[in-house]
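Some notes on the structure that comes next.
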Amino acid sequence: MKEKEIICGFSKLTKDQKLNHISTYFENPADFISELKSYYHDDPDKQKIFDEFSENTVSNFFFPFGISPNFVIDGKVYHVPMVIEESSVVAAASKSAKFWSDKGGFHTEIISTTKIGQVHFIWHGNIEKLRTLMPDLKDRMIERTSSITANMIERGGGIVDIELVDMTDKIDGYYQLKATFETVDSMGANFINSCLEEFAAELREFFSESPYFKEEERVCEVIMSILSNYTPDCVVKTWVECDIDQLEGIDEDLSGEQFAWKFEKAVQIATVDVHRATTHNKGIFNGIDAIALATGNDFRAIEACGHTYAARDGQYRSLTEVTVENGKFRYTLTVPLALGTVGGLTTLHPLAKKSLELLGNPGATELMRISATVGLANNFGAIKSLVTKGIQKGHMKMHLLNILNQLGATEDEKEKAKVHFEEEKVSYNAVATLIENLRSPSKTEKAVYAGK
Ligand code: MEV
């Protein structure tokens, strides 16, 4: 492959020119171009939609869009769209959904729905004077943003509060305006950021114009204005519960009580051990990210927030809690989820629109309930496997198809391999050997004969 050099003006090139340029780094440029073009949408108008989501786009990167059926959430049935590349995730969610569907399903509660934005500024002056003037400043900021907030207020949202936070013990002269917003069914990033930039402009004017400040107090250096992806007050709780007797038969080697005990220990371990907690929570986000992607939500924001929340008492811990008491098993996930069902990609991506339609066009709080539930379902499935037969058995069965595809197996070979691995342990080598055997039995037989 040729050495990479700095490319000037790449963004100004047409899509074909970009593709041609990048193709020169490949052994076979024509093959690269044809491979990438094979993923273009047949309909140029639809392709344009995807091209315009981002910059410098040269093709589409496909991910599987699957359905996890039979979620009973607060008594309502959902078939949940999930976009994820990892095998076993949709299967695990579906199995958990089915398992809980005849045990009362999942129950949810919205704890809170507000989001935070901050204007970070440096100022050297009399804080008591500023505190006294805060109500006036707040009114001015609310007035200044009235054209931005009008629609949101009509939909039941808007600015909830603006507080002054003194951070001077951390950084000399550092203060924040910490604003709380209700953004109803939108994730609200643009709305919040637009309000914050107006607050910042008002703040500067306030300091420079107000007669109450001395000359040296008139300078306010706004460092930045941005929403916080940490939303500990936009939280949903989801749980399942059943009699321990109902766990009987969940595993052939464990009684219901033994299963509940092992499950409880696994969750306790994820509460006290940071290495296990990270993997445990990753399993929760397998489900949450998949539905976030399917509905056009920002999974990076959701993940960042969830992990911070998991560390809110100073140590990173499991986001789930289990209780096994008085013959009852109860498993709960509490997670912050700043989601939207209007605006942004949720209304632009054609498949996000279909996902939301399949879910019955939920509002943001309903989507919070569904998403958290899918996270809990995935985590329940993972822990159930881990404390019983281990995850590799099921995982490798699902992974079998990936290995077969890597080996270029035909449909007939895939069918034979599926039957063969009903009983055998799946590994890359075992699958490769089987395929080799199927393709040239005599060669393998000879190798076996020669003791290789
Ligand atoms: C794999 O994607 C997720 C798990 O590792 C989660 C867990 O260990 O709890 C199975």
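Residue numbering restarts at 1 in every chain; chains get A, B, ... in the order shown in the structure tokens, and ligands count up from 1 in that same order.
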
Within 6 Å of ligand 1, which residues show up when you count only C-alpha atoms and all ligand atoms? List them as a VMD selection string, please.
-> chain A and resid 279 to 280 282 to 283 379 382 to 383

Those in range 183-354 of chain A with alpha helix (DSSP H) from DSSP, as a ChimeraX atom specification | /A:189-209,256-272,274-294,299-310,345-348,350-354

Range 153-384 of chain A: which residues are strand (DSSP E or B) by DSSP, as number ranges by chain?
-> A: 158-166, 174-182, 186, 220-227, 235-243, 251, 254, 320-325, 328-336, 342

Resulting file, chosen residues, N, CA and C atoms, as a short mmCIF file (atom, residue, chain, number, x, y, z; two decimals), in the first residue's frame:
```cif
data_model
loop_
_atom_site.label_atom_id
_atom_site.label_comp_id
_atom_site.auth_asym_id
_atom_site.auth_seq_id
_atom_site.Cartn_x
_atom_site.Cartn_y
_atom_site.Cartn_z
N GLY A 158 -39.21 23.91 28.27
CA GLY A 158 -38.59 25.22 28.37
C GLY A 158 -37.49 25.25 29.42
N ILE A 159 -37.19 26.49 29.86
CA ILE A 159 -36.14 26.64 30.88
C ILE A 159 -36.78 26.46 32.25
N VAL A 160 -36.24 25.55 33.04
CA VAL A 160 -36.82 25.28 34.36
C VAL A 160 -36.17 26.18 35.41
N ASP A 161 -34.85 26.34 35.29
CA ASP A 161 -34.15 27.13 36.30
C ASP A 161 -32.76 27.53 35.78
N ILE A 162 -32.23 28.62 36.34
CA ILE A 162 -30.84 28.99 36.06
C ILE A 162 -30.20 29.34 37.40
N GLU A 163 -29.14 28.63 37.74
CA GLU A 163 -28.49 28.88 39.03
C GLU A 163 -27.07 29.38 38.81
N LEU A 164 -26.59 30.10 39.79
CA LEU A 164 -25.18 30.51 39.77
C LEU A 164 -24.42 29.52 40.65
N VAL A 165 -23.35 28.95 40.09
CA VAL A 165 -22.57 27.99 40.88
C VAL A 165 -21.15 28.55 41.07
N ASP A 166 -20.75 28.63 42.32
CA ASP A 166 -19.43 29.16 42.65
C ASP A 166 -18.43 28.01 42.64
N TYR A 174 -13.59 30.94 38.77
CA TYR A 174 -14.46 30.09 37.93
C TYR A 174 -15.88 29.98 38.50
N TYR A 175 -16.85 30.39 37.67
CA TYR A 175 -18.28 30.25 38.01
C TYR A 175 -19.00 29.55 36.86
N GLN A 176 -20.17 29.09 37.19
CA GLN A 176 -21.03 28.50 36.15
C GLN A 176 -22.43 29.09 36.27
N LEU A 177 -23.07 29.22 35.10
CA LEU A 177 -24.52 29.32 35.11
C LEU A 177 -24.96 27.90 34.80
N LYS A 178 -25.68 27.31 35.73
CA LYS A 178 -26.13 25.94 35.52
C LYS A 178 -27.63 26.00 35.27
N ALA A 179 -27.99 25.70 34.02
CA ALA A 179 -29.41 25.83 33.65
C ALA A 179 -30.05 24.46 33.52
N THR A 180 -31.29 24.38 33.95
CA THR A 180 -32.05 23.14 33.86
C THR A 180 -33.14 23.32 32.82
N PHE A 181 -33.27 22.32 31.95
CA PHE A 181 -34.24 22.41 30.85
C PHE A 181 -35.17 21.20 30.84
N GLU A 182 -36.38 21.44 30.37
CA GLU A 182 -37.30 20.34 30.04
C GLU A 182 -37.46 20.39 28.53
N SER A 186 -38.00 15.95 22.54
CA SER A 186 -36.75 16.05 21.79
C SER A 186 -35.60 15.81 22.74
N CYS A 220 -15.98 39.83 32.07
CA CYS A 220 -16.40 38.44 32.31
C CYS A 220 -15.94 37.63 31.10
N GLU A 221 -15.10 36.67 31.35
CA GLU A 221 -14.56 35.85 30.26
C GLU A 221 -15.39 34.57 30.17
N VAL A 222 -16.28 34.49 29.16
CA VAL A 222 -17.04 33.24 28.98
C VAL A 222 -16.10 32.23 28.33
N ILE A 223 -15.92 31.11 28.99
CA ILE A 223 -15.01 30.09 28.44
C ILE A 223 -15.76 29.21 27.45
N MET A 224 -16.93 28.74 27.82
CA MET A 224 -17.74 27.94 26.88
C MET A 224 -19.16 27.79 27.40
N SER A 225 -20.04 27.49 26.43
CA SER A 225 -21.46 27.30 26.75
C SER A 225 -21.88 26.01 26.07
N ILE A 226 -22.27 25.02 26.84
CA ILE A 226 -22.58 23.72 26.24
C ILE A 226 -23.46 22.88 27.18
N LEU A 227 -24.31 22.08 26.58
CA LEU A 227 -25.12 21.18 27.41
C LEU A 227 -24.21 20.18 28.10
N VAL A 235 -34.03 10.26 34.43
CA VAL A 235 -33.76 8.88 34.86
C VAL A 235 -35.01 8.01 34.80
N VAL A 236 -34.80 6.78 34.38
CA VAL A 236 -35.89 5.81 34.34
C VAL A 236 -35.49 4.54 35.09
N LYS A 237 -36.49 3.92 35.67
CA LYS A 237 -36.26 2.68 36.41
C LYS A 237 -37.10 1.60 35.74
N THR A 238 -36.52 0.42 35.59
CA THR A 238 -37.27 -0.71 35.03
C THR A 238 -36.96 -1.95 35.84
N TRP A 239 -37.95 -2.80 36.07
CA TRP A 239 -37.67 -3.99 36.88
C TRP A 239 -38.55 -5.16 36.49
N VAL A 240 -38.08 -6.32 36.91
CA VAL A 240 -38.87 -7.55 36.78
C VAL A 240 -38.95 -8.15 38.17
N GLU A 241 -40.02 -8.90 38.43
CA GLU A 241 -40.10 -9.60 39.71
C GLU A 241 -40.93 -10.86 39.56
N CYS A 242 -40.57 -11.85 40.36
CA CYS A 242 -41.36 -13.09 40.34
C CYS A 242 -41.10 -13.84 41.65
N ASP A 243 -41.93 -14.85 41.88
CA ASP A 243 -41.65 -15.74 43.01
C ASP A 243 -40.43 -16.59 42.65
N ASP A 251 -32.64 -23.47 34.73
CA ASP A 251 -31.42 -24.21 34.37
C ASP A 251 -31.56 -25.65 34.85
N LEU A 254 -29.61 -26.26 38.27
CA LEU A 254 -29.81 -25.42 39.47
C LEU A 254 -31.29 -25.33 39.82
N THR A 320 -27.43 -2.11 37.89
CA THR A 320 -28.59 -2.90 38.30
C THR A 320 -28.47 -3.29 39.77
N GLU A 321 -29.62 -3.61 40.33
CA GLU A 321 -29.67 -4.07 41.73
C GLU A 321 -30.60 -5.27 41.80
N VAL A 322 -30.26 -6.22 42.67
CA VAL A 322 -31.12 -7.38 42.81
C VAL A 322 -31.52 -7.52 44.27
N THR A 323 -32.75 -7.96 44.48
CA THR A 323 -33.11 -8.37 45.85
C THR A 323 -33.74 -9.76 45.77
N VAL A 324 -33.32 -10.60 46.70
CA VAL A 324 -33.90 -11.93 46.83
C VAL A 324 -34.38 -12.01 48.27
N GLU A 325 -35.66 -11.79 48.48
CA GLU A 325 -36.22 -11.66 49.84
C GLU A 325 -37.62 -12.23 49.89
N LYS A 328 -39.15 -13.84 47.01
CA LYS A 328 -39.33 -13.05 45.78
C LYS A 328 -37.98 -12.67 45.17
N PHE A 329 -37.92 -12.71 43.86
CA PHE A 329 -36.74 -12.26 43.12
C PHE A 329 -37.13 -10.97 42.41
N ARG A 330 -36.36 -9.93 42.64
CA ARG A 330 -36.66 -8.64 41.96
C ARG A 330 -35.37 -8.09 41.39
N TYR A 331 -35.40 -7.72 40.12
CA TYR A 331 -34.17 -7.24 39.45
C TYR A 331 -34.47 -5.89 38.79
N THR A 332 -33.66 -4.88 39.14
CA THR A 332 -33.98 -3.49 38.76
C THR A 332 -32.80 -2.81 38.08
N LEU A 333 -33.09 -2.07 37.03
CA LEU A 333 -32.10 -1.20 36.40
C LEU A 333 -32.57 0.24 36.55
N THR A 334 -31.68 1.09 37.05
CA THR A 334 -31.98 2.52 37.12
C THR A 334 -30.92 3.22 36.27
N VAL A 335 -31.37 3.96 35.27
CA VAL A 335 -30.40 4.50 34.31
C VAL A 335 -30.87 5.86 33.77
N PRO A 336 -29.94 6.81 33.63
CA PRO A 336 -30.32 8.06 32.99
C PRO A 336 -30.35 7.86 31.47
N VAL A 342 -38.49 13.15 18.56
CA VAL A 342 -38.70 14.12 17.48
C VAL A 342 -37.40 14.88 17.28
#
```

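Using only C-alpha atoms, the nearest neighbour of Ser38 in chain A within the list A:Phe26, A:Thr132, A:Ser355, A:Phe62 is A:Phe62.
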
A:Thr271, A:Asn286, A:Ser385, A:Thr183: which is nearest Gly363 in chain A, counting only C-alpha atoms?
->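 Smallest distance to Gly363 in chain A is found for A:Thr183.
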
Pick from A:Lys418, A:Lys384, A:Lys98, A:Arg439, whichever lies nearest to Met398 in chain A using only C-alpha atoms = A:Lys418

Close residues, range 365-367 of chain A itself excluded, 8 Å, only C-alpha atoms, min 3 positions apart in chain, as a PDB file with all heavy atoms, in the first residue's frame:
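This is the output file around29.pdb:
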```pdb
ATOM      1  N   ILE A 110     -40.796   6.485  35.427  1.00  0.00           N
ATOM      2  CA  ILE A 110     -39.950   7.631  35.075  1.00  0.00           C
ATOM      3  C   ILE A 110     -39.680   8.384  36.368  1.00  0.00           C
ATOM      4  O   ILE A 110     -40.607   8.808  37.057  1.00  0.00           O
ATOM      5  CB  ILE A 110     -40.652   8.554  34.041  1.00  0.00           C
ATOM      6  CG1 ILE A 110     -40.932   7.808  32.734  1.00  0.00           C
ATOM      7  CG2 ILE A 110     -39.847   9.833  33.806  1.00  0.00           C
ATOM      8  CD1 ILE A 110     -39.729   7.440  31.896  1.00  0.00           C
ATOM      9  N   THR A 113     -37.050  13.983  34.343  1.00  0.00           N
ATOM     10  CA  THR A 113     -36.857  14.170  32.887  1.00  0.00           C
ATOM     11  C   THR A 113     -36.055  15.425  32.511  1.00  0.00           C
ATOM     12  O   THR A 113     -36.052  15.816  31.355  1.00  0.00           O
ATOM     13  CB  THR A 113     -38.224  14.266  32.174  1.00  0.00           C
ATOM     14  OG1 THR A 113     -38.951  15.353  32.760  1.00  0.00           O
ATOM     15  CG2 THR A 113     -39.023  12.990  32.265  1.00  0.00           C
ATOM     16  N   ASP A 185     -40.266  15.852  24.107  1.00  0.00           N
ATOM     17  CA  ASP A 185     -39.962  14.674  23.279  1.00  0.00           C
ATOM     18  C   ASP A 185     -38.687  14.802  22.466  1.00  0.00           C
ATOM     19  O   ASP A 185     -38.306  13.867  21.747  1.00  0.00           O
ATOM     20  CB  ASP A 185     -41.147  14.378  22.339  1.00  0.00           C
ATOM     21  CG  ASP A 185     -42.312  13.794  23.124  1.00  0.00           C
ATOM     22  OD1 ASP A 185     -42.064  13.165  24.166  1.00  0.00           O
ATOM     23  OD2 ASP A 185     -43.464  13.981  22.706  1.00  0.00           O
ATOM     24  N   LEU A 339     -33.260  10.813  25.777  1.00  0.00           N
ATOM     25  CA  LEU A 339     -33.628  10.341  24.438  1.00  0.00           C
ATOM     26  C   LEU A 339     -34.586  11.315  23.772  1.00  0.00           C
ATOM     27  O   LEU A 339     -35.266  12.083  24.454  1.00  0.00           O
ATOM     28  CB  LEU A 339     -34.321   8.980  24.540  1.00  0.00           C
ATOM     29  CG  LEU A 339     -33.520   7.838  25.147  1.00  0.00           C
ATOM     30  CD1 LEU A 339     -34.391   6.600  25.280  1.00  0.00           C
ATOM     31  CD2 LEU A 339     -32.302   7.528  24.291  1.00  0.00           C
ATOM     32  N   GLY A 340     -34.659  11.202  22.461  1.00  0.00           N
ATOM     33  CA  GLY A 340     -35.627  12.018  21.733  1.00  0.00           C
ATOM     34  C   GLY A 340     -36.433  11.152  20.777  1.00  0.00           C
ATOM     35  O   GLY A 340     -35.967  10.094  20.338  1.00  0.00           O
ATOM     36  N   THR A 341     -37.636  11.597  20.493  1.00  0.00           N
ATOM     37  CA  THR A 341     -38.429  10.907  19.469  1.00  0.00           C
ATOM     38  C   THR A 341     -38.888  11.896  18.391  1.00  0.00           C
ATOM     39  O   THR A 341     -39.606  11.535  17.483  1.00  0.00           O
ATOM     40  CB  THR A 341     -39.671  10.206  20.078  1.00  0.00           C
ATOM     41  OG1 THR A 341     -40.451  11.171  20.771  1.00  0.00           O
ATOM     42  CG2 THR A 341     -39.276   9.095  21.016  1.00  0.00           C
ATOM     43  N   PRO A 362     -43.705   6.401  20.083  1.00  0.00           N
ATOM     44  CA  PRO A 362     -43.715   6.799  21.495  1.00  0.00           C
ATOM     45  C   PRO A 362     -43.190   8.214  21.691  1.00  0.00           C
ATOM     46  O   PRO A 362     -42.446   8.728  20.860  1.00  0.00           O
ATOM     47  CB  PRO A 362     -42.738   5.796  22.123  1.00  0.00           C
ATOM     48  CG  PRO A 362     -41.789   5.449  21.016  1.00  0.00           C
ATOM     49  CD  PRO A 362     -42.591   5.508  19.746  1.00  0.00           C
ATOM     50  N   ILE A 370     -38.896   1.844  27.287  1.00  0.00           N
ATOM     51  CA  ILE A 370     -38.608   0.691  26.420  1.00  0.00           C
ATOM     52  C   ILE A 370     -37.100   0.424  26.392  1.00  0.00           C
ATOM     53  O   ILE A 370     -36.643  -0.721  26.531  1.00  0.00           O
ATOM     54  CB  ILE A 370     -39.131   0.941  24.971  1.00  0.00           C
ATOM     55  CG1 ILE A 370     -40.620   1.269  24.969  1.00  0.00           C
ATOM     56  CG2 ILE A 370     -38.832  -0.251  24.079  1.00  0.00           C
ATOM     57  CD1 ILE A 370     -41.155   1.826  23.644  1.00  0.00           C
ATOM     58  N   SER A 371     -36.316   1.486  26.219  1.00  0.00           N
ATOM     59  CA  SER A 371     -34.861   1.312  26.061  1.00  0.00           C
ATOM     60  C   SER A 371     -34.223   0.742  27.319  1.00  0.00           C
ATOM     61  O   SER A 371     -33.374  -0.166  27.252  1.00  0.00           O
ATOM     62  CB  SER A 371     -34.203   2.660  25.729  1.00  0.00           C
ATOM     63  OG  SER A 371     -34.834   3.230  24.622  1.00  0.00           O
TER      64      SER A 371
END
```

Against range 374-377 of chain A, which residues of range 226-341 of chain A fall within 6 Å? For each one I want the closest pair of atoms and the distance in Å (one decimal), counting only C-alpha atoms, rows by chain and increasing residue number, as JSON lines.
```
{"residue": "A:Ile284", "atom": "CA", "partner": "A:Gly375", "partner_atom": "CA", "distance": 4.3}
{"residue": "A:Phe285", "atom": "CA", "partner": "A:Gly375", "partner_atom": "CA", "distance": 5.9}
{"residue": "A:Gly287", "atom": "CA", "partner": "A:Gly375", "partner_atom": "CA", "distance": 4.5}
{"residue": "A:Ile288", "atom": "CA", "partner": "A:Gly375", "partner_atom": "CA", "distance": 5.0}
```

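Distances here use only C-alpha atoms; by that measure, the residue among A:His275, A:Lys103, A:Arg131, A:His124 closest to Tyr316 in chain A is A:His275.
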
Spatial neighbours of Phe99 in chain A, 12 Å, only C-alpha atoms, chain gap at least 4 places, as a ChimeraX atom specification | /A:69-72,92-95,103-106,240-242,246-247,249-250,377-378,380-381,384

Emit the selected residues as a compact mmCIF listing (two decimals), in the first residue's frame, including N, CA, C and O atoms.
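Now in again-v1.txt:
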```txt
# COMPACT_ATOMS: atom_id res chain seq x y z
N PRO A 69 -38.70 -9.52 19.60
CA PRO A 69 -40.14 -9.48 19.81
C PRO A 69 -40.54 -9.76 21.25
O PRO A 69 -39.72 -10.18 22.07
N ASN A 70 -41.82 -9.52 21.53
CA ASN A 70 -42.48 -10.01 22.75
C ASN A 70 -42.06 -9.36 24.07
O ASN A 70 -42.02 -10.02 25.10
N PHE A 71 -41.74 -8.08 24.03
CA PHE A 71 -41.50 -7.37 25.29
C PHE A 71 -42.83 -6.94 25.87
O PHE A 71 -43.60 -6.24 25.18
N VAL A 72 -43.11 -7.34 27.09
CA VAL A 72 -44.31 -6.84 27.76
C VAL A 72 -43.82 -5.78 28.76
O VAL A 72 -43.10 -6.10 29.71
N ALA A 92 -30.41 -12.76 22.90
CA ALA A 92 -30.47 -12.71 24.37
C ALA A 92 -31.65 -11.83 24.81
O ALA A 92 -32.41 -12.21 25.72
N ALA A 93 -31.81 -10.68 24.16
CA ALA A 93 -32.93 -9.78 24.53
C ALA A 93 -34.26 -10.49 24.30
O ALA A 93 -35.16 -10.43 25.14
N SER A 94 -34.37 -11.17 23.16
CA SER A 94 -35.63 -11.84 22.81
C SER A 94 -35.95 -12.95 23.82
O SER A 94 -37.11 -13.10 24.22
N LYS A 95 -34.92 -13.70 24.19
CA LYS A 95 -35.14 -14.80 25.15
C LYS A 95 -35.61 -14.26 26.49
O LYS A 95 -36.53 -14.79 27.10
N LYS A 103 -44.54 -13.64 33.28
CA LYS A 103 -44.31 -13.43 34.72
C LYS A 103 -44.59 -11.97 35.08
O LYS A 103 -43.91 -11.37 35.91
N GLY A 104 -45.53 -11.41 34.37
CA GLY A 104 -45.92 -10.01 34.66
C GLY A 104 -45.19 -9.01 33.80
O GLY A 104 -45.49 -7.81 33.85
N GLY A 105 -44.22 -9.47 33.01
CA GLY A 105 -43.47 -8.57 32.13
C GLY A 105 -42.57 -7.61 32.90
O GLY A 105 -42.24 -7.85 34.07
N PHE A 106 -42.20 -6.52 32.24
CA PHE A 106 -41.32 -5.51 32.84
C PHE A 106 -42.19 -4.35 33.36
O PHE A 106 -43.21 -4.03 32.75
N VAL A 240 -38.08 -6.32 36.91
CA VAL A 240 -38.87 -7.55 36.78
C VAL A 240 -38.95 -8.15 38.17
O VAL A 240 -38.07 -7.92 39.01
N GLU A 241 -40.02 -8.90 38.43
CA GLU A 241 -40.10 -9.60 39.71
C GLU A 241 -40.93 -10.86 39.56
O GLU A 241 -41.84 -10.93 38.72
N CYS A 242 -40.57 -11.85 40.36
CA CYS A 242 -41.36 -13.09 40.34
C CYS A 242 -41.10 -13.84 41.65
O CYS A 242 -40.16 -13.51 42.39
N GLN A 246 -40.88 -19.54 40.54
CA GLN A 246 -41.03 -19.40 39.09
C GLN A 246 -39.69 -19.47 38.35
O GLN A 246 -39.66 -19.51 37.13
N LEU A 247 -38.60 -19.46 39.12
CA LEU A 247 -37.28 -19.59 38.49
C LEU A 247 -36.88 -21.06 38.38
O LEU A 247 -35.84 -21.39 37.82
N GLY A 249 -36.44 -24.53 36.99
CA GLY A 249 -36.38 -25.00 35.60
C GLY A 249 -35.65 -24.04 34.68
O GLY A 249 -35.46 -24.32 33.50
N ILE A 250 -35.20 -22.90 35.21
CA ILE A 250 -34.47 -21.94 34.36
C ILE A 250 -33.13 -22.55 33.90
O ILE A 250 -32.59 -22.24 32.86
N ALA A 377 -33.12 -6.47 29.96
CA ALA A 377 -33.32 -7.80 29.37
C ALA A 377 -31.99 -8.39 28.92
O ALA A 377 -31.69 -9.56 29.18
N ASN A 378 -31.18 -7.57 28.25
CA ASN A 378 -29.89 -8.08 27.79
C ASN A 378 -29.00 -8.47 28.97
O ASN A 378 -28.34 -9.51 28.96
N PHE A 380 -30.01 -9.30 32.00
CA PHE A 380 -30.55 -10.50 32.66
C PHE A 380 -30.11 -11.74 31.88
O PHE A 380 -29.66 -12.74 32.48
N GLY A 381 -30.20 -11.66 30.55
CA GLY A 381 -29.79 -12.80 29.71
C GLY A 381 -28.33 -13.15 29.91
O GLY A 381 -27.96 -14.33 30.02
N LYS A 384 -27.75 -14.61 33.45
CA LYS A 384 -28.36 -15.95 33.48
C LYS A 384 -27.40 -16.95 32.82
O LYS A 384 -27.11 -18.01 33.38
```

Would you mind listing what lies within 7 Å of Ser228 in chain A as a CSV table (one decimal) with N, CA and C atoms, in the first residue's frame, with only C-alpha atoms counted and same-chain residues fewer than 3 positions away left out?
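Resulting contents of around_28.csv:
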```
chain,number,residue,atom,x,y,z
A,116,ILE,N,-29.4,19.3,31.8
A,116,ILE,CA,-28.6,20.4,32.3
A,116,ILE,C,-27.7,21.0,31.2
A,117,GLY,N,-27.5,22.3,31.2
A,117,GLY,CA,-26.6,23.0,30.3
A,117,GLY,C,-25.8,24.0,31.2
A,118,GLN,N,-24.6,24.3,30.7
A,118,GLN,CA,-23.7,25.2,31.6
A,118,GLN,C,-23.1,26.3,30.7
```
